[in-house]
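Participant: As input, take upload_30.cif (mmCIF, C-alpha atoms):
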data_structure
loop_
_atom_site.label_atom_id
_atom_site.label_comp_id
_atom_site.auth_asym_id
_atom_site.auth_seq_id
_atom_site.Cartn_x
_atom_site.Cartn_y
_atom_site.Cartn_z
CA MET A 1 0.00 0.00 0.00
CA LYS A 2 2.82 2.32 0.93
CA ILE A 3 4.59 1.48 -2.33
CA VAL A 4 1.50 2.07 -4.44
CA ALA A 5 1.02 5.51 -2.88
CA ALA A 6 4.68 6.36 -3.48
CA LYS A 7 4.44 5.32 -7.14
CA LYS A 8 1.36 7.47 -7.66
CA ILE A 9 3.10 10.45 -6.10
CA LEU A 10 6.17 9.95 -8.29
CA LYS A 11 4.04 9.66 -11.43
CA ALA A 12 2.21 12.88 -10.60
CA ASN A 13 5.58 14.50 -9.96
CA ASP A 14 6.94 13.42 -13.36
CA GLN A 15 4.01 15.05 -15.11
CA LEU A 16 4.46 18.32 -13.20
CA ALA A 17 8.21 18.19 -13.86
CA ALA A 18 7.54 17.89 -17.61
CA GLU A 19 5.29 20.96 -17.38
CA ASN A 20 8.02 22.86 -15.49
CA ARG A 21 10.57 21.88 -18.13
CA ALA A 22 8.30 23.10 -20.93
CA LEU A 23 7.76 26.38 -19.08
CA PHE A 24 11.53 26.84 -18.55
CA GLN A 25 12.11 26.05 -22.22
CA ARG A 26 9.57 28.65 -23.38
CA ALA A 27 11.02 31.23 -20.97
CA GLY A 28 14.61 30.48 -22.03
CA VAL A 29 15.65 29.54 -18.48
CA PHE A 30 18.32 26.87 -18.06
CA THR A 31 17.63 25.12 -14.77
CA VAL A 32 20.06 23.30 -12.49
CA ASN A 33 19.14 21.00 -9.60
CA ILE A 34 21.91 20.89 -6.98
CA LEU A 35 21.84 17.94 -4.59
CA GLY A 36 23.92 16.53 -1.76
CA SER A 37 24.13 15.86 1.97
CA PRO A 38 23.61 18.54 4.61
CA GLY A 39 26.67 20.79 4.74
CA CYS A 40 28.33 19.36 1.62
CA GLY A 41 28.76 22.80 0.09
CA LYS A 42 25.71 23.38 -2.09
CA THR A 43 25.32 27.07 -1.22
CA THR A 44 29.06 27.62 -1.59
CA LEU A 45 28.96 26.08 -5.09
CA ILE A 46 26.10 28.40 -6.00
CA GLU A 47 28.17 31.34 -4.77
CA ALA A 48 31.10 30.19 -6.93
CA ILE A 49 28.84 29.95 -9.99
CA LEU A 50 27.41 33.41 -9.29
CA GLN A 51 30.91 34.84 -8.94
CA ALA A 52 32.09 33.34 -12.23
CA GLY A 53 31.70 36.49 -14.28
CA ARG A 54 32.35 34.67 -17.50
CA LEU A 55 28.89 33.05 -17.41
CA ARG A 56 26.97 35.61 -19.41
CA HIS A 57 23.69 34.59 -17.82
CA GLN A 58 21.19 36.30 -15.56
CA PRO A 59 20.78 34.05 -12.51
CA ALA A 60 18.07 33.43 -9.97
CA VAL A 61 18.17 31.02 -7.05
CA ILE A 62 15.60 28.83 -5.30
CA GLU A 63 16.70 27.62 -1.86
CA GLY A 64 15.09 24.51 -0.40
CA ASP A 65 15.21 23.89 3.34
CA LEU A 66 12.97 22.26 5.92
CA ALA A 67 12.94 25.51 7.86
CA GLY A 68 14.69 28.85 8.14
CA THR A 69 16.13 31.30 5.65
CA VAL A 70 19.85 30.93 6.41
CA ASP A 71 20.91 30.25 2.82
CA ALA A 72 18.57 32.75 1.20
CA GLU A 73 19.89 35.47 3.51
CA ARG A 74 23.43 34.48 2.60
CA LEU A 75 22.67 35.01 -1.10
CA ALA A 76 20.35 37.99 -0.73
CA ALA A 77 23.21 40.51 -0.73
CA ARG A 78 23.95 39.58 -4.35
CA GLN A 79 21.09 41.59 -5.86
CA ILE A 80 19.61 38.62 -7.66
CA PRO A 81 16.16 37.09 -7.24
CA VAL A 82 16.29 34.51 -4.41
CA LEU A 83 13.30 32.55 -3.16
CA GLN A 84 13.35 30.32 -0.11
CA ILE A 85 11.09 27.27 -0.04
CA ASN A 86 10.46 25.88 3.45
CA THR A 87 9.32 22.30 3.05
CA GLU A 88 8.10 22.20 6.67
CA GLY A 89 9.61 18.83 7.34
CA ALA A 90 9.51 17.33 3.84
CA CYS A 91 12.77 15.69 2.83
CA HIS A 92 13.04 16.87 -0.77
CA LEU A 93 11.85 19.46 -3.22
CA ASP A 94 9.27 18.28 -5.73
CA ALA A 95 8.05 19.62 -9.06
CA ASN A 96 4.92 21.08 -7.51
CA MET A 97 6.96 23.18 -5.07
CA ILE A 98 9.06 24.47 -7.96
CA ALA A 99 5.94 25.31 -10.00
CA ALA A 100 4.62 27.27 -7.00
CA ALA A 101 7.98 28.97 -6.45
CA VAL A 102 8.22 30.05 -10.08
CA ARG A 103 4.82 31.75 -9.77
CA GLU A 104 6.34 33.86 -6.94
CA LEU A 105 9.72 34.44 -8.57
CA PRO A 106 9.42 36.53 -11.71
CA LEU A 107 11.62 34.97 -14.41
CA ASP A 108 11.75 38.10 -16.63
CA GLY A 109 15.29 38.38 -17.86
CA VAL A 110 16.42 35.33 -15.89
CA THR A 111 18.30 32.78 -18.01
CA LEU A 112 19.83 30.54 -15.34
CA LEU A 113 17.87 29.14 -12.41
CA LEU A 114 19.93 27.43 -9.71
CA ILE A 115 17.89 25.25 -7.35
CA GLU A 116 19.46 24.15 -4.08
CA ASN A 117 17.64 21.05 -2.92
CA VAL A 118 17.16 19.92 0.68
CA GLY A 119 20.34 18.37 2.11
CA ASN A 120 19.57 14.71 1.56
CA LEU A 121 21.43 12.03 -0.35
CA VAL A 122 18.38 9.80 -0.66
CA CYS A 123 14.93 11.25 -1.21
CA THR A 124 15.86 14.14 -3.46
CA ALA A 125 17.05 11.65 -6.10
CA GLY A 126 13.56 10.41 -6.97
CA PHE A 127 12.00 13.78 -7.75
CA ASP A 128 12.53 15.39 -11.14
CA LEU A 129 12.00 19.15 -10.75
CA GLY A 130 11.99 19.82 -14.49
CA GLU A 131 15.69 20.69 -14.45
CA HIS A 132 18.09 20.54 -17.40
CA LEU A 133 21.13 19.58 -15.37
CA ARG A 134 21.56 17.67 -12.14
CA LEU A 135 24.70 18.19 -10.05
CA VAL A 136 25.35 15.83 -7.14
CA LEU A 137 27.87 16.94 -4.53
CA LEU A 138 29.92 14.73 -2.24
CA SER A 139 32.22 16.36 0.31
CA VAL A 140 35.55 14.78 1.21
CA PRO A 141 34.67 14.48 4.94
CA GLU A 142 31.68 12.27 4.04
CA GLY A 143 34.02 9.60 2.76
CA ASP A 144 34.65 7.91 -0.59
CA ASP A 145 32.27 4.99 0.04
CA LYS A 146 29.07 6.93 -0.49
CA LEU A 147 28.36 5.78 -4.06
CA VAL A 148 28.08 2.20 -2.83
CA LYS A 149 25.76 3.21 0.00
CA TYR A 150 23.61 5.75 -1.85
CA PRO A 151 23.68 4.55 -5.47
CA THR A 152 20.40 6.03 -6.73
CA ILE A 153 21.34 9.68 -6.48
CA PHE A 154 24.77 9.18 -8.06
CA GLN A 155 23.22 7.16 -10.87
CA SER A 156 21.02 10.14 -11.71
CA ALA A 157 23.82 12.74 -11.68
CA ASP A 158 24.94 14.64 -14.80
CA ALA A 159 28.14 15.35 -12.89
CA VAL A 160 29.53 14.44 -9.50
CA ILE A 161 31.34 17.25 -7.72
CA VAL A 162 33.67 16.28 -4.88
CA THR A 163 33.82 19.31 -2.60
CA LYS A 164 36.18 20.40 0.21
CA ALA A 165 39.01 18.79 -1.76
CA ASP A 166 41.52 20.80 0.30
CA LEU A 167 40.66 18.48 3.21
CA ALA A 168 41.79 15.39 1.31
CA PRO A 169 45.09 15.18 3.25
CA HIS A 170 43.08 14.82 6.47
CA PHE A 171 41.02 11.93 5.10
CA ASP A 172 41.72 8.73 3.30
CA PHE A 173 39.61 9.85 0.36
CA ARG A 174 40.30 8.19 -2.99
CA LEU A 175 38.97 10.14 -5.96
CA ASP A 176 39.74 7.12 -8.15
CA ARG A 177 37.33 5.06 -6.11
CA VAL A 178 34.55 7.62 -6.62
CA ARG A 179 35.15 7.54 -10.39
CA ALA A 180 35.30 3.74 -10.50
CA ASP A 181 32.14 3.37 -8.41
CA LEU A 182 30.33 5.88 -10.64
CA ARG A 183 31.23 3.80 -13.71
CA LYS A 184 30.01 0.66 -11.93
CA LEU A 185 26.66 2.41 -11.57
CA GLY A 186 26.61 2.86 -15.35
CA ASN A 187 27.15 6.61 -15.15
CA GLU A 188 29.82 7.92 -17.56
CA GLY A 189 29.48 11.52 -16.34
CA PRO A 190 32.41 13.64 -15.21
CA VAL A 191 33.76 13.79 -11.65
CA PHE A 192 35.23 17.11 -10.50
CA ALA A 193 37.23 17.69 -7.34
CA VAL A 194 37.00 21.26 -6.10
CA SER A 195 37.78 23.40 -3.10
CA ALA A 196 35.99 26.69 -2.64
CA ARG A 197 38.61 27.65 -0.06
CA THR A 198 41.70 27.19 -2.23
CA GLY A 199 39.98 27.51 -5.60
CA GLU A 200 41.40 24.11 -6.65
CA GLY A 201 39.52 22.54 -9.55
CA MET A 202 37.00 25.35 -9.76
CA ASP A 203 38.13 26.57 -13.20
CA GLN A 204 37.77 23.14 -14.72
CA LEU A 205 34.30 22.70 -13.21
CA LEU A 206 33.11 26.13 -14.32
CA SER A 207 34.46 25.59 -17.86
CA TRP A 208 32.51 22.36 -18.13
CA PHE A 209 29.45 24.05 -16.64
CA ALA A 210 29.67 26.98 -19.07
CA GLY A 211 29.85 24.45 -21.91
CA ARG A 212 26.56 22.93 -20.81
CA LEU A 213 24.72 26.25 -20.82
CA PRO A 214 22.94 27.39 -23.96
CA ASP A 215 24.82 30.09 -25.88
CA ARG A 216 23.90 33.65 -25.11
CA GLU A 217 24.12 36.63 -27.46
CA MET B 1 -3.85 12.56 -0.13
CA LYS B 2 -0.11 12.28 0.17
CA ILE B 3 -0.28 13.61 3.71
CA VAL B 4 -3.05 11.22 4.73
CA ALA B 5 -1.04 8.25 3.46
CA ALA B 6 2.05 9.46 5.31
CA LYS B 7 0.06 9.82 8.55
CA LYS B 8 -1.34 6.31 8.22
CA ILE B 9 2.14 4.91 7.65
CA LEU B 10 3.52 6.77 10.66
CA LYS B 11 0.65 5.55 12.85
CA ALA B 12 1.26 1.95 11.80
CA ASN B 13 4.96 2.50 12.51
CA ASP B 14 4.26 3.80 16.02
CA GLN B 15 2.30 0.66 16.85
CA LEU B 16 5.07 -1.62 15.58
CA ALA B 17 7.66 0.46 17.43
CA ALA B 18 5.72 -0.04 20.69
CA GLU B 19 5.72 -3.80 20.04
CA ASN B 20 9.48 -3.71 19.39
CA ARG B 21 10.02 -1.78 22.61
CA ALA B 22 7.98 -4.31 24.59
CA LEU B 23 9.98 -7.14 23.02
CA PHE B 24 13.31 -5.44 23.83
CA GLN B 25 12.10 -4.85 27.39
CA ARG B 26 11.16 -8.52 27.90
CA ALA B 27 14.48 -9.64 26.37
CA GLY B 28 16.49 -7.19 28.49
CA VAL B 29 17.97 -5.48 25.44
CA PHE B 30 18.73 -1.76 25.66
CA THR B 31 18.37 -0.33 22.18
CA VAL B 32 20.02 2.75 20.70
CA ASN B 33 19.04 4.46 17.44
CA ILE B 34 21.99 6.34 15.90
CA LEU B 35 21.15 9.00 13.33
CA GLY B 36 22.96 11.59 11.24
CA SER B 37 24.01 12.65 7.75
CA PRO B 38 25.96 10.40 5.38
CA GLY B 39 29.57 10.19 6.54
CA CYS B 40 29.02 11.98 9.86
CA GLY B 41 30.71 9.18 11.80
CA LYS B 42 27.92 6.82 12.88
CA THR B 43 29.91 3.62 12.33
CA THR B 44 32.96 5.14 14.00
CA LEU B 45 30.87 6.02 17.06
CA ILE B 46 29.62 2.43 17.19
CA GLU B 47 33.22 1.23 17.04
CA ALA B 48 34.13 3.55 19.93
CA ILE B 49 31.22 2.22 22.01
CA LEU B 50 32.23 -1.37 21.23
CA GLN B 51 35.81 -0.63 22.25
CA ALA B 52 34.79 0.91 25.55
CA GLY B 53 35.48 -2.17 27.67
CA ARG B 54 33.92 -0.62 30.71
CA LEU B 55 30.41 -1.13 29.32
CA ARG B 56 29.63 -4.52 30.78
CA HIS B 57 27.12 -5.27 28.06
CA GLN B 58 26.89 -7.82 25.30
CA PRO B 59 26.39 -5.84 22.08
CA ALA B 60 24.82 -6.53 18.71
CA VAL B 61 24.57 -4.15 15.75
CA ILE B 62 22.01 -3.54 13.02
CA GLU B 63 23.37 -1.57 10.05
CA GLY B 64 20.96 0.31 7.81
CA ASP B 65 21.97 1.28 4.29
CA LEU B 66 20.25 1.70 0.96
CA ALA B 67 22.62 -0.84 -0.56
CA GLY B 68 25.88 -2.63 0.13
CA THR B 69 27.44 -4.16 3.22
CA VAL B 70 30.37 -1.77 3.73
CA ASP B 71 29.61 -1.00 7.38
CA ALA B 72 28.60 -4.53 8.36
CA GLU B 73 31.88 -5.84 6.92
CA ARG B 74 33.76 -3.19 8.87
CA LEU B 75 32.21 -4.42 12.13
CA ALA B 76 32.17 -8.13 11.31
CA ALA B 77 35.74 -8.67 12.54
CA ARG B 78 34.58 -7.88 16.07
CA GLN B 79 32.95 -11.26 16.73
CA ILE B 80 29.60 -9.77 17.60
CA PRO B 81 26.25 -10.32 15.87
CA VAL B 82 25.91 -7.82 13.02
CA LEU B 83 22.98 -7.66 10.64
CA GLN B 84 22.83 -5.46 7.56
CA ILE B 85 19.48 -4.14 6.40
CA ASN B 86 19.41 -2.96 2.79
CA THR B 87 16.48 -0.63 2.39
CA GLU B 88 16.70 -0.82 -1.41
CA GLY B 89 16.25 2.88 -1.87
CA ALA B 90 14.19 3.69 1.21
CA CYS B 91 15.46 6.71 3.08
CA HIS B 92 15.10 5.52 6.67
CA LEU B 93 14.75 2.45 8.85
CA ASP B 94 11.28 1.78 10.19
CA ALA B 95 9.93 -0.33 13.03
CA ASN B 96 8.84 -3.10 10.68
CA MET B 97 12.38 -3.49 9.30
CA ILE B 98 13.71 -3.73 12.86
CA ALA B 99 11.08 -6.32 13.79
CA ALA B 100 12.12 -8.38 10.74
CA ALA B 101 15.83 -7.91 11.54
CA VAL B 102 15.36 -9.05 15.13
CA ARG B 103 13.78 -12.28 13.88
CA GLU B 104 17.04 -12.92 11.96
CA LEU B 105 19.41 -11.74 14.67
CA PRO B 106 19.23 -13.97 17.74
CA LEU B 107 19.17 -11.78 20.85
CA ASP B 108 20.21 -14.54 23.29
CA GLY B 109 22.69 -12.98 25.67
CA VAL B 110 22.59 -9.62 23.88
CA THR B 111 21.92 -6.69 26.23
CA LEU B 112 22.80 -3.72 24.03
CA LEU B 113 21.52 -3.30 20.48
CA LEU B 114 23.09 -0.48 18.47
CA ILE B 115 21.15 0.48 15.35
CA GLU B 116 22.86 2.59 12.69
CA ASN B 117 20.18 4.30 10.68
CA VAL B 118 20.42 5.35 7.02
CA GLY B 119 22.50 8.51 6.60
CA ASN B 120 19.74 11.08 6.48
CA LEU B 121 19.07 14.13 8.60
CA VAL B 122 15.42 14.31 7.62
CA CYS B 123 13.36 11.17 7.13
CA THR B 124 14.88 9.03 9.86
CA ALA B 125 13.56 11.50 12.47
CA GLY B 126 9.92 10.55 11.97
CA PHE B 127 10.26 6.81 12.53
CA ASP B 128 10.40 5.41 16.05
CA LEU B 129 12.16 2.04 15.91
CA GLY B 130 11.25 1.08 19.48
CA GLU B 131 14.58 2.36 20.77
CA HIS B 132 15.33 3.47 24.33
CA LEU B 133 17.84 6.12 23.36
CA ARG B 134 18.25 8.29 20.28
CA LEU B 135 21.65 9.79 19.46
CA VAL B 136 21.83 12.40 16.69
CA LEU B 137 25.27 13.10 15.23
CA LEU B 138 26.42 16.29 13.55
CA SER B 139 29.94 16.44 12.11
CA VAL B 140 31.94 19.65 12.23
CA PRO B 141 32.36 19.82 8.40
CA GLU B 142 28.57 19.94 8.00
CA GLY B 143 28.49 23.31 9.72
CA ASP B 144 26.94 24.71 12.89
CA ASP B 145 23.74 25.94 11.19
CA LYS B 146 22.13 22.52 10.82
CA LEU B 147 19.76 22.72 13.79
CA VAL B 148 18.02 25.68 12.18
CA LYS B 149 17.75 23.88 8.85
CA TYR B 150 16.84 20.40 10.10
CA PRO B 151 15.01 21.06 13.39
CA THR B 152 12.87 17.91 13.61
CA ILE B 153 15.66 15.41 14.08
CA PHE B 154 17.49 17.53 16.65
CA GLN B 155 14.25 18.09 18.55
CA SER B 156 13.89 14.32 18.90
CA ALA B 157 17.48 13.66 20.10
CA ASP B 158 18.28 12.37 23.60
CA ALA B 159 21.79 13.70 22.97
CA VAL B 160 23.52 15.59 20.16
CA ILE B 161 27.04 14.39 19.40
CA VAL B 162 29.26 16.77 17.44
CA THR B 163 31.79 14.54 15.67
CA LYS B 164 35.15 15.20 13.97
CA ALA B 165 35.78 17.88 16.60
CA ASP B 166 39.50 17.77 15.73
CA LEU B 167 38.56 19.53 12.47
CA ALA B 168 37.11 22.52 14.32
CA PRO B 169 40.19 24.70 13.60
CA HIS B 170 39.53 24.23 9.84
CA PHE B 171 35.93 25.38 10.12
CA ASP B 172 34.13 28.25 11.71
CA PHE B 173 32.11 25.87 13.88
CA ARG B 174 30.60 27.29 17.07
CA LEU B 175 29.63 24.64 19.61
CA ASP B 176 27.86 27.35 21.59
CA ARG B 177 25.59 27.96 18.66
CA VAL B 178 24.64 24.27 18.48
CA ARG B 179 23.80 24.27 22.19
CA ALA B 180 21.82 27.51 21.95
CA ASP B 181 19.90 26.32 18.88
CA LEU B 182 19.09 23.02 20.62
CA ARG B 183 17.63 24.92 23.58
CA LYS B 184 15.61 27.07 21.18
CA LEU B 185 14.10 23.82 19.88
CA GLY B 186 13.01 23.03 23.45
CA ASN B 187 15.53 20.22 23.83
CA GLU B 188 17.46 20.33 27.13
CA GLY B 189 19.57 17.27 26.25
CA PRO B 190 23.36 17.20 26.41
CA VAL B 191 25.69 18.18 23.55
CA PHE B 192 29.00 16.33 23.31
CA ALA B 193 31.93 17.26 21.09
CA VAL B 194 34.10 14.28 20.24
CA SER B 195 36.88 13.22 17.90
CA ALA B 196 37.45 9.55 17.23
CA ARG B 197 40.84 10.45 15.80
CA THR B 198 42.24 12.28 18.83
CA GLY B 199 39.94 10.74 21.43
CA GLU B 200 38.85 14.22 22.51
CA GLY B 201 35.57 14.23 24.46
CA MET B 202 35.06 10.49 24.09
CA ASP B 203 35.44 9.73 27.81
CA GLN B 204 32.81 12.24 28.74
CA LEU B 205 30.40 10.89 26.12
CA LEU B 206 30.94 7.26 27.12
CA SER B 207 30.51 8.07 30.82
CA TRP B 208 27.18 9.68 30.07
CA PHE B 209 26.23 6.77 27.83
CA ALA B 210 27.15 4.20 30.48
CA GLY B 211 24.97 6.09 32.93
CA ARG B 212 21.99 5.70 30.64
CA LEU B 213 22.37 1.93 30.37
CA PRO B 214 20.57 -0.35 32.82
CA ASP B 215 22.86 -1.75 35.53
CA ARG B 216 24.57 -5.06 34.80
CA GLU B 217 26.51 -7.35 37.04
#
Just give me the structure as structure tokens.

Facilitator:
Amino acid sequence: MKIVAAKKILKANDQLAAENRALFQRAGVFTVNILGSPGCGKTTLIEAILQAGRLRHQPAVIEGDLAGTVDAERLAARQIPVLQINTEGACHLDANMIAAAVRELPLDGVTLLLIENVGNLVCTAGFDLGEHLRLVLLSVPEGDDKLVKYPTIFQSADAVIVTKADLAPHFDFRLDRVRADLRKLGNEGPVFAVSARTGEGMDQLLSWFAGRLPDRE
Amino acid sequence: MKIVAAKKILKANDQLAAENRALFQRAGVFTVNILGSPGCGKTTLIEAILQAGRLRHQPAVIEGDLAGTVDAERLAARQIPVLQINTEGACHLDANMIAAAVRELPLDGVTLLLIENVGNLVCTAGFDLGEHLRLVLLSVPEGDDKLVKYPTIFQSADAVIVTKADLAPHFDFRLDRVRADLRKLGNEGPVFAVSARTGEGMDQLLSWFAGRLPDRE
């Protein structure tokens, strides 16, 4: 019974996600779903993308959290549209929440919508938001065994971004293992190792990211 | 409709959890539910508890993961009963899984059952397993703002254990903030800061833990 209900919810979500994607397409908004554990560096990655002047895109951000406005406040100083979704206990964003958010967040002029999902390496994986690109983050302190333990989300990733790479000397973290485990999951996507603190790997990631965005001009 | 289904599932879970608790009580098994994000140090904490010789208890462990047997293998060398639950995608352990696991895991002689939940700071909070004690872990690299963002799980904690405390110099992590935010959630429980690497704070935590266990002799 539980499973049947879950399947129905997922099916309804897929339909809403398709509608979101069509809306984003019509509006010329490239949409990115950013996923990962609590504290893995999702907001920091968004800040790095926003700072990368070379992306000639007009950004907006949707922040997903169970409660609070910590991340939205952090980004608010940047003079871009930011909307905070409070899921009030729900463990993931879904397409319906995004549809509702987009009604509140005027997309005029916006060409790049960055969505920070709830910090969760499990439930967020199953819900298409209508995004064009899905980035899954894994921070070095979490350990290099996470693809074996949480395969679904890594299977669905367009790219895996290993964050806090400057901490690698403090941990026995093997980037090779992450790459090998990703291939075992049948995902041939790229793996980037970055550190927001030292800047390591950020150029390579942002070049790849810029290449995925539709041309502007 | 979604909410109604979720409520029904939670109600059914509460009933099964009460049955588990009664069974543990009859069998003289003190049961601990260990929760936290992926890679926050749940297995390491279990190892520290197992190593603490002073606990005159006979332990067994249930490991919860979406897939794989990484953690169970890690503990298997210790000559104690270990059972791995693979949730096959599900984001939390529930009371029914524990009831099924206990049928597989003979409790004869066992007096302390440590349950490592799925790495998830959201969904695990809502499911009582029938435990006597609930420990919620937060690792320093995750950041000190997590109680604001994920209030439910911290509200439900009998103790909050800040792990990887040796990394505090690398992060702007304020233990005072964690304690203050916990109080704001109406939780007067203790907050421990520990490092498995340096041993910092572990004595204090294990003393408290030993005090919560029923007397043995």

Participant: Counting only C-alpha atoms, a student should be able to say which residues of chain B come within 8 Å of chain A; what is the right answer, written as a ChimeraX atom specification?

Facilitator: /B:2,5,9,37-40,65-68,70,89-91,119-123,141-143,145-146,148-152

Participant: Please compute the atom CA of A:Asn33-atom CA of A:Arg183 distance, one decimal, in Å.

Facilitator: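 One can read the atom CA of A:Asn33 to atom CA of A:Arg183 distance as 21.4 Å.
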
Participant: Take the point (4.8, 30.0, -2.0) in the file's coordinates, draw a sphere of radius 9 Å around it, and report as an mmCIF file with C-alpha atoms, in the coordinates of the input every protein, DNA or RNA residue with an atom inside or on it, counting only C-alpha atoms.

Facilitator:
data_model
loop_
_atom_site.group_PDB
_atom_site.id
_atom_site.type_symbol
_atom_site.label_atom_id
_atom_site.label_comp_id
_atom_site.auth_asym_id
_atom_site.auth_seq_id
_atom_site.Cartn_x
_atom_site.Cartn_y
_atom_site.Cartn_z
ATOM 1 C CA LEU A 83 13.300 32.550 -3.160
ATOM 2 C CA GLN A 84 13.350 30.320 -0.110
ATOM 3 C CA ILE A 85 11.090 27.270 -0.040
ATOM 4 C CA ASN A 86 10.460 25.880 3.450
ATOM 5 C CA MET A 97 6.960 23.180 -5.070
ATOM 6 C CA ALA A 100 4.620 27.270 -7.000
ATOM 7 C CA ALA A 101 7.980 28.970 -6.450
ATOM 8 C CA VAL A 102 8.220 30.050 -10.080
ATOM 9 C CA ARG A 103 4.820 31.750 -9.770
ATOM 10 C CA GLU A 104 6.340 33.860 -6.940
#

Participant: List as a compact mmCIF listing (two decimals) with C-alpha atoms, in the frame of the given file the protein and nucleic acid residues near stretch 131-134 of chain A, meaning an atom at most 6 Å away when all atoms listed in the file are counted, but skip any in the same chain fewer than 4 places from it.

Facilitator:
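Final output, saved to result-v3.txt:
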# COMPACT_ATOMS: atom_id res chain seq x y z
CA THR A 31 17.63 25.12 -14.77
CA VAL A 32 20.06 23.30 -12.49
CA ASN A 33 19.14 21.00 -9.60
CA ALA A 157 23.82 12.74 -11.68
CA ASP A 158 24.94 14.64 -14.80

Participant: Nearest to A:Pro81: which of A:Val162, A:Ala95, A:Leu112, A:Ala27 is it, counting only C-alpha atoms?

Facilitator: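 Checking each candidate against A:Pro81, we get A:Leu112 as the closest.
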
Participant: Atom CA of B:Ala60 and atom CA of B:Leu113, how far apart in Å?

Facilitator: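 One can read the atom CA of B:Leu113 to atom CA of B:Ala60 distance as 4.9 Å.
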
Participant: Selected by the PyMOL selection byres ((chain A and resi 194-201) around 6) in the shown coordinates: which residues, as number ranges by chain?

Facilitator: A: 163-166, 193, 202-204

Participant: Could those residues be written to a file, using C-alpha atoms, as a PDB file, in the coordinates of the input?

Facilitator:
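That gives us selection_36.pdb:
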ATOM      1  CA  THR A 163      33.820  19.310  -2.600  1.00  0.00           C
ATOM      2  CA  LYS A 164      36.180  20.400   0.210  1.00  0.00           C
ATOM      3  CA  ALA A 165      39.010  18.790  -1.760  1.00  0.00           C
ATOM      4  CA  ASP A 166      41.520  20.800   0.300  1.00  0.00           C
ATOM      5  CA  ALA A 193      37.230  17.690  -7.340  1.00  0.00           C
ATOM      6  CA  MET A 202      37.000  25.350  -9.760  1.00  0.00           C
ATOM      7  CA  ASP A 203      38.130  26.570 -13.200  1.00  0.00           C
ATOM      8  CA  GLN A 204      37.770  23.140 -14.720  1.00  0.00           C
TER       9      GLN A 204
END

Participant: Of the residues B:Ile34, B:Leu129, B:Ala48, B:Pro214, which is the one nearest to B:Ala159, using all atoms listed in the file?

Facilitator: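 When distances to B:Ala159 are compared using all atoms listed in the file, the smallest one comes from B:Ile34.
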
Participant: Spell out the residues picked by the PyMOL selection byres ((chain B and resi 110) around 8) here, as a PyMOL selection string.

Facilitator: chain B and resi 29+57-60+107-109+111-113

Participant: Work out how far apart atom CA of B:Ala99 and atom CA of B:Leu35 are and give it in Å to one decimal.

Facilitator: 18.3 Å

Participant: Evaluated on this file, the PyMOL selection byres ((chain A and resi 14) around 9) picks out some residues - which ones are they, written as a list in words?

Facilitator: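 Expected selection for the PyMOL selection byres ((chain A and resi 14) around 9) here is Ile9, Leu10, Lys11, Ala12, Asn13, Gln15, Leu16, Ala17, Ala18, Glu19, Ala95, Phe127, Asp128, Leu129 and Gly130 of chain A.
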